[in-house]
Structure formats: C-alpha cells, structure tokens
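Structure data follow from target-v6.txt (compact mmCIF, N, CA and C atoms):
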```
# COMPACT_ATOMS: atom_id res chain seq x y z
N MET U 1 -18.84 -11.71 -18.60
CA MET U 1 -17.84 -10.79 -19.10
C MET U 1 -18.13 -10.48 -20.57
N SER U 2 -18.44 -9.25 -20.85
CA SER U 2 -18.70 -8.87 -22.23
C SER U 2 -17.52 -8.06 -22.74
N GLU U 3 -16.57 -8.72 -23.36
CA GLU U 3 -15.38 -8.08 -23.92
C GLU U 3 -15.69 -7.58 -25.32
N PRO U 4 -15.11 -6.45 -25.73
CA PRO U 4 -15.30 -5.99 -27.10
C PRO U 4 -14.76 -7.00 -28.10
N LYS U 5 -15.36 -7.06 -29.26
CA LYS U 5 -14.98 -8.05 -30.27
C LYS U 5 -13.64 -7.72 -30.93
N SER U 6 -13.32 -6.44 -31.04
CA SER U 6 -12.08 -6.06 -31.73
C SER U 6 -10.95 -5.88 -30.73
N GLY U 7 -9.72 -5.93 -31.22
CA GLY U 7 -8.56 -5.65 -30.39
C GLY U 7 -7.98 -6.89 -29.75
N PHE U 8 -6.94 -6.68 -28.98
CA PHE U 8 -6.18 -7.73 -28.34
C PHE U 8 -6.88 -8.18 -27.06
N PHE U 9 -6.92 -9.48 -26.84
CA PHE U 9 -7.37 -10.02 -25.56
C PHE U 9 -6.33 -11.03 -25.12
N PRO U 10 -5.80 -10.91 -23.90
CA PRO U 10 -4.74 -11.82 -23.46
C PRO U 10 -5.24 -13.26 -23.37
N PRO U 11 -4.47 -14.20 -23.87
CA PRO U 11 -4.87 -15.61 -23.78
C PRO U 11 -4.87 -16.09 -22.34
N PRO U 12 -5.70 -17.09 -22.03
CA PRO U 12 -5.73 -17.61 -20.66
C PRO U 12 -4.33 -18.10 -20.25
N GLY U 13 -3.97 -17.83 -19.01
CA GLY U 13 -2.66 -18.24 -18.52
C GLY U 13 -1.60 -17.15 -18.68
N SER U 14 -1.90 -16.10 -19.44
CA SER U 14 -0.91 -15.03 -19.63
C SER U 14 -1.20 -13.84 -18.72
N PHE U 15 -2.22 -13.97 -17.87
CA PHE U 15 -2.52 -12.88 -16.95
C PHE U 15 -3.09 -13.44 -15.65
N GLU U 16 -3.12 -12.57 -14.66
CA GLU U 16 -3.62 -12.95 -13.35
C GLU U 16 -4.33 -11.73 -12.77
N GLU U 17 -5.52 -11.92 -12.22
CA GLU U 17 -6.26 -10.82 -11.61
C GLU U 17 -6.37 -11.07 -10.11
N LYS U 18 -6.12 -10.01 -9.36
CA LYS U 18 -6.23 -10.11 -7.91
C LYS U 18 -6.97 -8.87 -7.44
N PHE U 19 -7.95 -9.05 -6.58
CA PHE U 19 -8.73 -7.92 -6.09
C PHE U 19 -8.28 -7.56 -4.69
N ILE U 20 -8.08 -6.25 -4.48
CA ILE U 20 -7.64 -5.77 -3.17
C ILE U 20 -8.56 -4.65 -2.72
N ARG U 21 -8.49 -4.34 -1.44
CA ARG U 21 -9.33 -3.25 -0.91
C ARG U 21 -8.73 -1.91 -1.31
N ALA U 22 -9.60 -0.97 -1.57
CA ALA U 22 -9.16 0.37 -1.95
C ALA U 22 -8.70 1.12 -0.72
N GLY U 23 -7.72 1.98 -0.91
CA GLY U 23 -7.26 2.82 0.17
C GLY U 23 -7.99 4.15 0.13
N GLY U 24 -7.70 4.98 1.09
CA GLY U 24 -8.28 6.31 1.08
C GLY U 24 -9.63 6.37 1.75
N HIS U 25 -10.32 7.47 1.50
CA HIS U 25 -11.61 7.72 2.13
C HIS U 25 -12.65 6.77 1.58
N GLY U 26 -13.66 6.54 2.36
CA GLY U 26 -14.75 5.70 1.91
C GLY U 26 -15.84 5.69 2.94
N GLY U 27 -16.84 4.95 2.64
CA GLY U 27 -17.96 4.86 3.57
C GLY U 27 -17.92 3.54 4.29
N GLN U 28 -19.08 2.98 4.48
CA GLN U 28 -19.19 1.72 5.21
C GLN U 28 -18.59 0.57 4.42
N ASN U 29 -18.52 0.70 3.11
CA ASN U 29 -18.08 -0.41 2.26
C ASN U 29 -16.56 -0.52 2.13
N VAL U 30 -15.82 0.54 2.38
CA VAL U 30 -14.41 0.59 2.01
C VAL U 30 -13.59 -0.52 2.66
N ASN U 31 -13.93 -0.92 3.87
CA ASN U 31 -13.15 -1.95 4.56
C ASN U 31 -13.70 -3.35 4.35
N LYS U 32 -14.80 -3.47 3.62
CA LYS U 32 -15.41 -4.79 3.43
C LYS U 32 -15.28 -5.32 2.02
N VAL U 33 -15.23 -4.44 1.02
CA VAL U 33 -15.32 -4.87 -0.37
C VAL U 33 -13.99 -4.63 -1.08
N ALA U 34 -13.49 -5.66 -1.74
CA ALA U 34 -12.24 -5.55 -2.51
C ALA U 34 -12.61 -5.26 -3.96
N THR U 35 -12.54 -3.98 -4.34
CA THR U 35 -12.96 -3.60 -5.69
C THR U 35 -11.79 -3.24 -6.60
N VAL U 36 -10.64 -2.90 -6.04
CA VAL U 36 -9.49 -2.52 -6.86
C VAL U 36 -8.88 -3.79 -7.47
N VAL U 37 -8.60 -3.74 -8.76
CA VAL U 37 -8.03 -4.91 -9.42
C VAL U 37 -6.55 -4.68 -9.69
N GLN U 38 -5.75 -5.69 -9.37
CA GLN U 38 -4.34 -5.72 -9.76
C GLN U 38 -4.27 -6.72 -10.92
N PHE U 39 -4.05 -6.21 -12.11
CA PHE U 39 -4.02 -7.03 -13.31
C PHE U 39 -2.56 -7.25 -13.68
N ARG U 40 -2.08 -8.48 -13.56
CA ARG U 40 -0.68 -8.80 -13.85
C ARG U 40 -0.64 -9.55 -15.18
N PHE U 41 0.10 -9.00 -16.13
CA PHE U 41 0.19 -9.57 -17.48
C PHE U 41 1.60 -10.09 -17.69
N PHE U 42 1.70 -11.31 -18.20
CA PHE U 42 2.99 -11.94 -18.47
C PHE U 42 3.24 -11.91 -19.98
N PRO U 43 4.00 -10.94 -20.49
CA PRO U 43 4.17 -10.78 -21.94
C PRO U 43 4.79 -12.00 -22.62
N GLY U 44 5.65 -12.71 -21.92
CA GLY U 44 6.31 -13.87 -22.52
C GLY U 44 5.36 -15.01 -22.82
N LEU U 45 4.25 -15.07 -22.10
CA LEU U 45 3.29 -16.17 -22.28
C LEU U 45 2.13 -15.80 -23.22
N ALA U 46 2.14 -14.58 -23.74
CA ALA U 46 1.00 -14.11 -24.52
C ALA U 46 1.10 -14.46 -26.01
N GLY U 47 2.25 -14.97 -26.44
CA GLY U 47 2.39 -15.32 -27.85
C GLY U 47 2.58 -14.11 -28.76
N LEU U 48 3.11 -13.03 -28.21
CA LEU U 48 3.37 -11.83 -29.02
C LEU U 48 4.73 -11.96 -29.69
N PRO U 49 4.93 -11.32 -30.85
CA PRO U 49 6.25 -11.32 -31.49
C PRO U 49 7.30 -10.69 -30.57
N GLY U 50 8.54 -11.13 -30.71
CA GLY U 50 9.63 -10.66 -29.85
C GLY U 50 9.81 -9.15 -29.87
N ALA U 51 9.74 -8.56 -31.07
CA ALA U 51 9.92 -7.11 -31.18
C ALA U 51 8.78 -6.38 -30.47
N ALA U 52 7.58 -6.92 -30.57
CA ALA U 52 6.42 -6.30 -29.91
C ALA U 52 6.56 -6.39 -28.40
N VAL U 53 7.09 -7.50 -27.90
CA VAL U 53 7.29 -7.66 -26.45
C VAL U 53 8.29 -6.62 -25.96
N GLU U 54 9.37 -6.40 -26.71
CA GLU U 54 10.36 -5.40 -26.32
C GLU U 54 9.75 -3.99 -26.32
N ARG U 55 8.97 -3.67 -27.36
CA ARG U 55 8.30 -2.36 -27.40
C ARG U 55 7.32 -2.23 -26.25
N LEU U 56 6.61 -3.31 -25.94
CA LEU U 56 5.64 -3.30 -24.85
C LEU U 56 6.33 -3.02 -23.52
N LYS U 57 7.47 -3.64 -23.30
CA LYS U 57 8.20 -3.41 -22.04
C LYS U 57 8.70 -1.97 -21.96
N ARG U 58 9.11 -1.42 -23.10
CA ARG U 58 9.57 -0.03 -23.12
C ARG U 58 8.40 0.92 -22.86
N LEU U 59 7.24 0.62 -23.46
CA LEU U 59 6.06 1.48 -23.28
C LEU U 59 5.49 1.38 -21.87
N ALA U 60 5.64 0.22 -21.22
CA ALA U 60 5.04 0.00 -19.91
C ALA U 60 5.63 0.93 -18.85
N GLY U 61 6.90 1.26 -18.96
CA GLY U 61 7.53 2.19 -18.02
C GLY U 61 7.45 1.69 -16.59
N ALA U 62 6.82 2.46 -15.71
CA ALA U 62 6.75 2.13 -14.29
C ALA U 62 5.84 0.94 -14.02
N LYS U 63 5.03 0.56 -14.97
CA LYS U 63 4.14 -0.60 -14.78
C LYS U 63 4.90 -1.92 -14.89
N LEU U 64 6.13 -1.88 -15.40
CA LEU U 64 6.94 -3.08 -15.58
C LEU U 64 7.58 -3.45 -14.25
N THR U 65 7.40 -4.72 -13.83
CA THR U 65 7.99 -5.17 -12.56
C THR U 65 9.40 -5.70 -12.81
N ALA U 66 10.10 -6.02 -11.74
CA ALA U 66 11.46 -6.56 -11.86
C ALA U 66 11.46 -7.93 -12.54
N ASP U 67 10.34 -8.65 -12.44
CA ASP U 67 10.23 -9.97 -13.07
C ASP U 67 9.90 -9.90 -14.55
N GLY U 68 9.64 -8.69 -15.06
CA GLY U 68 9.29 -8.54 -16.46
C GLY U 68 7.80 -8.62 -16.72
N ASP U 69 6.99 -8.62 -15.66
CA ASP U 69 5.54 -8.61 -15.80
C ASP U 69 5.06 -7.17 -15.88
N ILE U 70 3.85 -7.00 -16.40
CA ILE U 70 3.24 -5.68 -16.44
C ILE U 70 2.11 -5.67 -15.43
N LEU U 71 2.17 -4.74 -14.48
CA LEU U 71 1.19 -4.66 -13.41
C LEU U 71 0.34 -3.42 -13.61
N ILE U 72 -0.95 -3.63 -13.83
CA ILE U 72 -1.88 -2.52 -14.01
C ILE U 72 -2.84 -2.54 -12.84
N ILE U 73 -2.96 -1.42 -12.14
CA ILE U 73 -3.87 -1.32 -11.00
C ILE U 73 -4.98 -0.36 -11.37
N ALA U 74 -6.22 -0.84 -11.31
CA ALA U 74 -7.38 -0.02 -11.66
C ALA U 74 -8.32 0.02 -10.47
N GLY U 75 -8.61 1.21 -10.01
CA GLY U 75 -9.51 1.35 -8.86
C GLY U 75 -10.37 2.60 -8.94
N GLU U 76 -10.56 3.11 -10.15
CA GLU U 76 -11.30 4.37 -10.27
C GLU U 76 -12.82 4.19 -10.24
N HIS U 77 -13.29 2.94 -10.35
CA HIS U 77 -14.74 2.69 -10.35
C HIS U 77 -15.16 2.03 -9.04
N ARG U 78 -16.46 1.95 -8.83
CA ARG U 78 -16.98 1.41 -7.57
C ARG U 78 -17.16 -0.10 -7.58
N THR U 79 -17.15 -0.72 -8.75
CA THR U 79 -17.39 -2.16 -8.79
C THR U 79 -16.18 -2.90 -9.34
N GLN U 80 -16.07 -4.17 -8.96
CA GLN U 80 -14.98 -5.02 -9.46
C GLN U 80 -15.03 -5.13 -10.97
N GLU U 81 -16.21 -5.35 -11.50
CA GLU U 81 -16.34 -5.57 -12.96
C GLU U 81 -15.91 -4.34 -13.75
N GLN U 82 -16.30 -3.15 -13.31
CA GLN U 82 -15.89 -1.94 -14.02
C GLN U 82 -14.38 -1.75 -13.95
N ASN U 83 -13.79 -2.04 -12.79
CA ASN U 83 -12.34 -1.92 -12.65
C ASN U 83 -11.62 -2.97 -13.49
N ARG U 84 -12.18 -4.16 -13.57
CA ARG U 84 -11.60 -5.22 -14.41
C ARG U 84 -11.62 -4.78 -15.88
N GLN U 85 -12.74 -4.22 -16.32
CA GLN U 85 -12.84 -3.75 -17.70
C GLN U 85 -11.85 -2.60 -17.96
N ALA U 86 -11.69 -1.71 -16.99
CA ALA U 86 -10.77 -0.59 -17.14
C ALA U 86 -9.33 -1.09 -17.27
N ALA U 87 -8.95 -2.07 -16.43
CA ALA U 87 -7.59 -2.61 -16.47
C ALA U 87 -7.34 -3.30 -17.80
N ARG U 88 -8.31 -4.09 -18.27
CA ARG U 88 -8.15 -4.78 -19.55
C ARG U 88 -8.09 -3.80 -20.71
N ALA U 89 -8.86 -2.73 -20.63
CA ALA U 89 -8.82 -1.71 -21.69
C ALA U 89 -7.45 -1.04 -21.74
N ARG U 90 -6.88 -0.74 -20.56
CA ARG U 90 -5.55 -0.13 -20.52
C ARG U 90 -4.49 -1.07 -21.10
N LEU U 91 -4.59 -2.35 -20.75
CA LEU U 91 -3.64 -3.33 -21.29
C LEU U 91 -3.81 -3.45 -22.80
N ARG U 92 -5.06 -3.51 -23.26
CA ARG U 92 -5.33 -3.64 -24.69
C ARG U 92 -4.73 -2.47 -25.46
N GLU U 93 -4.89 -1.26 -24.93
CA GLU U 93 -4.36 -0.07 -25.60
C GLU U 93 -2.83 -0.12 -25.64
N LEU U 94 -2.22 -0.57 -24.55
CA LEU U 94 -0.77 -0.68 -24.47
C LEU U 94 -0.24 -1.70 -25.47
N VAL U 95 -0.88 -2.86 -25.54
CA VAL U 95 -0.43 -3.92 -26.45
C VAL U 95 -0.64 -3.51 -27.90
N GLU U 96 -1.76 -2.86 -28.20
CA GLU U 96 -2.01 -2.42 -29.58
C GLU U 96 -0.97 -1.40 -30.01
N ARG U 97 -0.55 -0.52 -29.09
CA ARG U 97 0.52 0.44 -29.42
C ARG U 97 1.84 -0.29 -29.66
N ALA U 98 2.09 -1.35 -28.88
CA ALA U 98 3.34 -2.10 -29.03
C ALA U 98 3.35 -2.92 -30.31
N LEU U 99 2.18 -3.37 -30.76
CA LEU U 99 2.12 -4.18 -31.98
C LEU U 99 2.33 -3.35 -33.24
N ARG U 100 2.07 -2.04 -33.14
CA ARG U 100 2.29 -1.16 -34.29
C ARG U 100 3.79 -0.85 -34.39
N PRO U 101 4.43 -1.25 -35.49
CA PRO U 101 5.87 -0.95 -35.60
C PRO U 101 6.09 0.55 -35.73
N PRO U 102 7.20 1.05 -35.20
CA PRO U 102 7.45 2.49 -35.27
C PRO U 102 7.68 2.93 -36.72
N LYS U 103 7.30 4.16 -37.00
CA LYS U 103 7.51 4.70 -38.35
C LYS U 103 9.00 4.92 -38.57
N ARG U 104 9.45 4.59 -39.76
CA ARG U 104 10.85 4.82 -40.10
C ARG U 104 11.05 6.31 -40.39
N ARG U 105 12.14 6.84 -39.90
CA ARG U 105 12.44 8.25 -40.14
C ARG U 105 12.99 8.40 -41.55
N LYS U 106 12.42 9.33 -42.28
CA LYS U 106 12.92 9.62 -43.62
C LYS U 106 13.97 10.72 -43.49
N PRO U 107 15.22 10.41 -43.83
CA PRO U 107 16.24 11.45 -43.71
C PRO U 107 15.98 12.59 -44.68
N THR U 108 16.11 13.80 -44.20
CA THR U 108 15.88 14.97 -45.04
C THR U 108 17.13 15.84 -44.98
N LYS U 109 17.26 16.74 -45.96
CA LYS U 109 18.35 17.69 -45.90
C LYS U 109 17.81 19.05 -46.36
N PRO U 110 18.44 20.10 -45.87
CA PRO U 110 17.97 21.44 -46.25
C PRO U 110 18.17 21.67 -47.74
N SER U 111 17.29 22.49 -48.31
CA SER U 111 17.40 22.80 -49.74
C SER U 111 18.64 23.67 -49.99
N TYR U 112 19.04 23.74 -51.24
CA TYR U 112 20.21 24.53 -51.63
C TYR U 112 20.00 26.00 -51.26
N GLY U 113 18.81 26.51 -51.52
CA GLY U 113 18.50 27.91 -51.20
C GLY U 113 18.58 28.18 -49.71
N ALA U 114 18.10 27.23 -48.89
CA ALA U 114 18.16 27.40 -47.44
C ALA U 114 19.61 27.44 -46.97
N LEU U 115 20.44 26.57 -47.54
CA LEU U 115 21.87 26.59 -47.19
C LEU U 115 22.50 27.93 -47.54
N GLN U 116 22.19 28.44 -48.74
CA GLN U 116 22.76 29.72 -49.17
C GLN U 116 22.31 30.85 -48.25
N ARG U 117 21.04 30.87 -47.88
CA ARG U 117 20.53 31.92 -46.98
C ARG U 117 21.21 31.84 -45.62
N ARG U 118 21.41 30.62 -45.11
CA ARG U 118 22.06 30.44 -43.82
C ARG U 118 23.49 30.95 -43.86
N LEU U 119 24.23 30.60 -44.93
CA LEU U 119 25.62 31.04 -45.03
C LEU U 119 25.70 32.55 -45.20
N GLU U 120 24.78 33.12 -45.96
CA GLU U 120 24.76 34.58 -46.16
C GLU U 120 24.49 35.29 -44.83
N ASN U 121 23.55 34.74 -44.05
CA ASN U 121 23.21 35.33 -42.75
C ASN U 121 24.41 35.24 -41.80
N LYS U 122 25.11 34.10 -41.82
CA LYS U 122 26.29 33.94 -40.97
C LYS U 122 27.37 34.95 -41.37
N LYS U 123 27.54 35.15 -42.67
CA LYS U 123 28.55 36.09 -43.14
C LYS U 123 28.19 37.52 -42.71
N ARG U 124 26.93 37.87 -42.81
CA ARG U 124 26.47 39.20 -42.41
C ARG U 124 26.72 39.43 -40.91
N ARG U 125 26.37 38.42 -40.08
CA ARG U 125 26.59 38.55 -38.63
C ARG U 125 28.09 38.65 -38.33
N SER U 126 28.89 37.88 -39.05
CA SER U 126 30.34 37.91 -38.85
C SER U 126 30.89 39.30 -39.16
N ASP U 127 30.42 39.88 -40.27
CA ASP U 127 30.88 41.22 -40.65
C ASP U 127 30.50 42.25 -39.59
N ILE U 128 29.28 42.15 -39.07
CA ILE U 128 28.83 43.09 -38.05
C ILE U 128 29.73 43.00 -36.82
N LYS U 129 30.02 41.77 -36.39
CA LYS U 129 30.84 41.60 -35.19
C LYS U 129 32.28 42.01 -35.42
N ARG U 130 32.78 41.75 -36.67
CA ARG U 130 34.15 42.15 -36.98
C ARG U 130 34.27 43.68 -36.95
N ASN U 131 33.25 44.40 -37.40
CA ASN U 131 33.28 45.87 -37.42
C ASN U 131 33.19 46.48 -36.03
N ARG U 132 32.77 45.69 -35.04
CA ARG U 132 32.68 46.20 -33.67
C ARG U 132 34.07 46.27 -33.02
N ARG U 133 34.99 45.48 -33.52
CA ARG U 133 36.31 45.42 -32.90
C ARG U 133 37.01 46.77 -33.02
N VAL U 134 37.79 47.06 -32.01
CA VAL U 134 38.54 48.31 -32.03
C VAL U 134 39.81 48.07 -32.83
N SER U 135 40.03 48.85 -33.88
CA SER U 135 41.23 48.65 -34.69
C SER U 135 42.37 49.46 -34.10
N GLU U 136 43.53 48.86 -34.00
CA GLU U 136 44.67 49.53 -33.37
C GLU U 136 45.67 49.96 -34.39
```
For this file, produce the structure as structure tokens.
Amino acid sequence: MSEPKSGFFPPPGSFEEKFIRAGGHGGQNVNKVATVVQFRFFPGLAGLPGAAVERLKRLAGAKLTADGDILIIAGEHRTQEQNRQAARARLRELVERALRPPKRRKPTKPSYGALQRRLENKKRRSDIKRNRRVSE
C-alpha cells in the first residue's frame, strides 16, 4: 500500500474495509471477483476534535449511517487496490474539509449613499403609483 505522505490517514481500528462483488454488466469476471470496496469509517475512534467530527457528520450527508459511521463505496475501477485508494482518497478529502474551521462571516452594512439612493428610488416609485390613482 503506497499512501501519499501528506494529508489525513485513519488510524488502525477506526475503519473497516469489506470487498463485495460489483453489480451491473460485466464479463466473465463479474461474478467471481469482489472488487468493490465498502470503506466504513468510525469518526469517534479516529481521534479527531469534537467540532471536526460534527462537521464531518454534516458533510457526509447520505454517507452517514444510523450508527454514526461513514460508509464510502468505491467501485469505479477494475481492481481492489485502485478502489481502495479511491475510497481512502474520498475519505481523506472529506476529513480535510471537516478539519478546516468555517470562515466567520463579517457583518456588513450598506453605505450611506446606497441607503439614500434606495430611499429616493422608493419615493419615486411611490409617487408614480400614487399618481395612477383615480382622484374623486
């Protein structure tokens, strides 16, 4: 297994890999070879900060199971090893996004000139509509 040197790698015991047979069309190999990987990651056992685990669960979306595990299924390649690498890369990208704290929103307000233009425009529209009324 040649894992990239940079980025997150799940510690042993925090994940489980299971290989299953691929569905769909195939040749002679489709019913004999289990190449699709089900990569199950247990965020609570990975030693991640609590806030990062919460962000990770929110980012996981449909990949989050009822038990709180993250299930990634990779089957786009023909070999087990390529699918294993693809699943780990997807998990790594997800965890790295969760480890990055969200940017704080800087509250802004419209400039004085913008407020004046808005009020002037509202007044102009109001006058136009008032002049449409039939005076009795």
Would you kindly identify which residues have an atom no farther than 8 Å from (7.0, -6.2, -23.4), using all atoms listed in the file and the file's own coordinates, and write them out as an mmCIF file with N, CA and C atoms, in the coordinates of the input?
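Output below, filename point23.cif:
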```
data_model
loop_
_atom_site.group_PDB
_atom_site.id
_atom_site.type_symbol
_atom_site.label_atom_id
_atom_site.label_comp_id
_atom_site.auth_asym_id
_atom_site.auth_seq_id
_atom_site.Cartn_x
_atom_site.Cartn_y
_atom_site.Cartn_z
ATOM 1 N N PHE U 42 1.700 -11.310 -18.200
ATOM 2 C CA PHE U 42 2.990 -11.940 -18.470
ATOM 3 C C PHE U 42 3.240 -11.910 -19.980
ATOM 4 N N PRO U 43 4.000 -10.940 -20.490
ATOM 5 C CA PRO U 43 4.170 -10.780 -21.940
ATOM 6 C C PRO U 43 4.790 -12.000 -22.620
ATOM 7 N N GLY U 44 5.650 -12.710 -21.920
ATOM 8 C CA GLY U 44 6.310 -13.870 -22.520
ATOM 9 C C GLY U 44 5.360 -15.010 -22.820
ATOM 10 N N GLY U 50 8.540 -11.130 -30.710
ATOM 11 C CA GLY U 50 9.630 -10.660 -29.850
ATOM 12 C C GLY U 50 9.810 -9.150 -29.870
ATOM 13 N N ALA U 51 9.740 -8.560 -31.070
ATOM 14 C CA ALA U 51 9.920 -7.110 -31.180
ATOM 15 C C ALA U 51 8.780 -6.380 -30.470
ATOM 16 N N ALA U 52 7.580 -6.920 -30.570
ATOM 17 C CA ALA U 52 6.420 -6.300 -29.910
ATOM 18 C C ALA U 52 6.560 -6.390 -28.400
ATOM 19 N N VAL U 53 7.090 -7.500 -27.900
ATOM 20 C CA VAL U 53 7.290 -7.660 -26.450
ATOM 21 C C VAL U 53 8.290 -6.620 -25.960
ATOM 22 N N GLU U 54 9.370 -6.400 -26.710
ATOM 23 C CA GLU U 54 10.360 -5.400 -26.320
ATOM 24 C C GLU U 54 9.750 -3.990 -26.320
ATOM 25 N N ARG U 55 8.970 -3.670 -27.360
ATOM 26 C CA ARG U 55 8.300 -2.360 -27.400
ATOM 27 C C ARG U 55 7.320 -2.230 -26.250
ATOM 28 N N LEU U 56 6.610 -3.310 -25.940
ATOM 29 C CA LEU U 56 5.640 -3.300 -24.850
ATOM 30 C C LEU U 56 6.330 -3.020 -23.520
ATOM 31 N N LYS U 57 7.470 -3.640 -23.300
ATOM 32 C CA LYS U 57 8.200 -3.410 -22.040
ATOM 33 C C LYS U 57 8.700 -1.970 -21.960
ATOM 34 N N ARG U 58 9.110 -1.420 -23.100
ATOM 35 C CA ARG U 58 9.570 -0.030 -23.120
ATOM 36 C C ARG U 58 8.400 0.920 -22.860
ATOM 37 N N LEU U 59 7.240 0.620 -23.460
ATOM 38 C CA LEU U 59 6.060 1.480 -23.280
ATOM 39 C C LEU U 59 5.490 1.380 -21.870
ATOM 40 N N ALA U 60 5.640 0.220 -21.220
ATOM 41 C CA ALA U 60 5.040 0.000 -19.910
ATOM 42 C C ALA U 60 5.630 0.930 -18.850
ATOM 43 N N GLY U 68 9.640 -8.690 -15.060
ATOM 44 C CA GLY U 68 9.290 -8.540 -16.460
ATOM 45 C C GLY U 68 7.800 -8.620 -16.720
ATOM 46 N N ASP U 69 6.990 -8.620 -15.660
ATOM 47 C CA ASP U 69 5.540 -8.610 -15.800
ATOM 48 C C ASP U 69 5.060 -7.170 -15.880
ATOM 49 N N ILE U 70 3.850 -7.000 -16.400
ATOM 50 C CA ILE U 70 3.240 -5.680 -16.440
ATOM 51 C C ILE U 70 2.110 -5.670 -15.430
ATOM 52 N N ALA U 98 2.090 -1.350 -28.880
ATOM 53 C CA ALA U 98 3.340 -2.100 -29.030
ATOM 54 C C ALA U 98 3.350 -2.920 -30.310
#
```
Practice task
Could you please write out, as an MDAnalysis selection string, every residue of range 57-128 of chain U that DSSP assigns to strand (DSSP E or B)?
Solution key: chainID U and resid 64 70:74
Exercise for the section: Rounded to one decimal place, report the atom C of Gly47 in chain U-CA of Ala87 in chain U distance in Å. Expected result: 19.7 Å
Practice task
Scan for residues within 5 Å of the point (-1.4, -13.6, -17.9) in the coordinates of the file, using only N, CA and C atoms, and reply as a PyMOL selection string.
Solution key: chain U and resi 13-16+40-42
Exercise for the section: Excluding Val36 in chain U and residues on its chain fewer than 3 positions from it, collect all residues at most 7 Å away from it, counting only N, CA and C atoms, and give them as number ranges by chain. Expected result: U: 18-22, 33, 73-76, 79-80, 83-84
Handout entry: Separation of atom N of Pro49 in chain U from atom N of Glu93 in chain U, in Å and rounded to one decimal
Key =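 These two atoms are separated by 15.3 Å.
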Exercise for the section: Between CA of Gln116 in chain U and atom C of Asn131 in chain U, measure the distance and give it in Å to one decimal. Expected result: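 If I compute the distance from CA of Gln116 in chain U to atom C of Asn131 in chain U, I get 23.7 Å.
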Practice task
Taking the chain letters and numbering used in this document, name the residues of chain U that DSSP puts in alpha helix (DSSP H), as a ChimeraX atom specification.
Solution key: /U:50-60,80-99,112-132
Exercise for the section: Between U:Arg88, U:Gln82, U:Asp67, U:Ser126, single out the one closest to Thr35 in chain U, counting only C-alpha atoms. Expected result: U:Gln82
Handout entry: Pick from U:Gly23, U:Gly113, U:Gly61, U:Pro10, whichever lies nearest to Leu45 in chain U using all atoms listed in the file
Key =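 Residue with the minimum atom-to-atom distance to Leu45 in chain U: U:Pro10.
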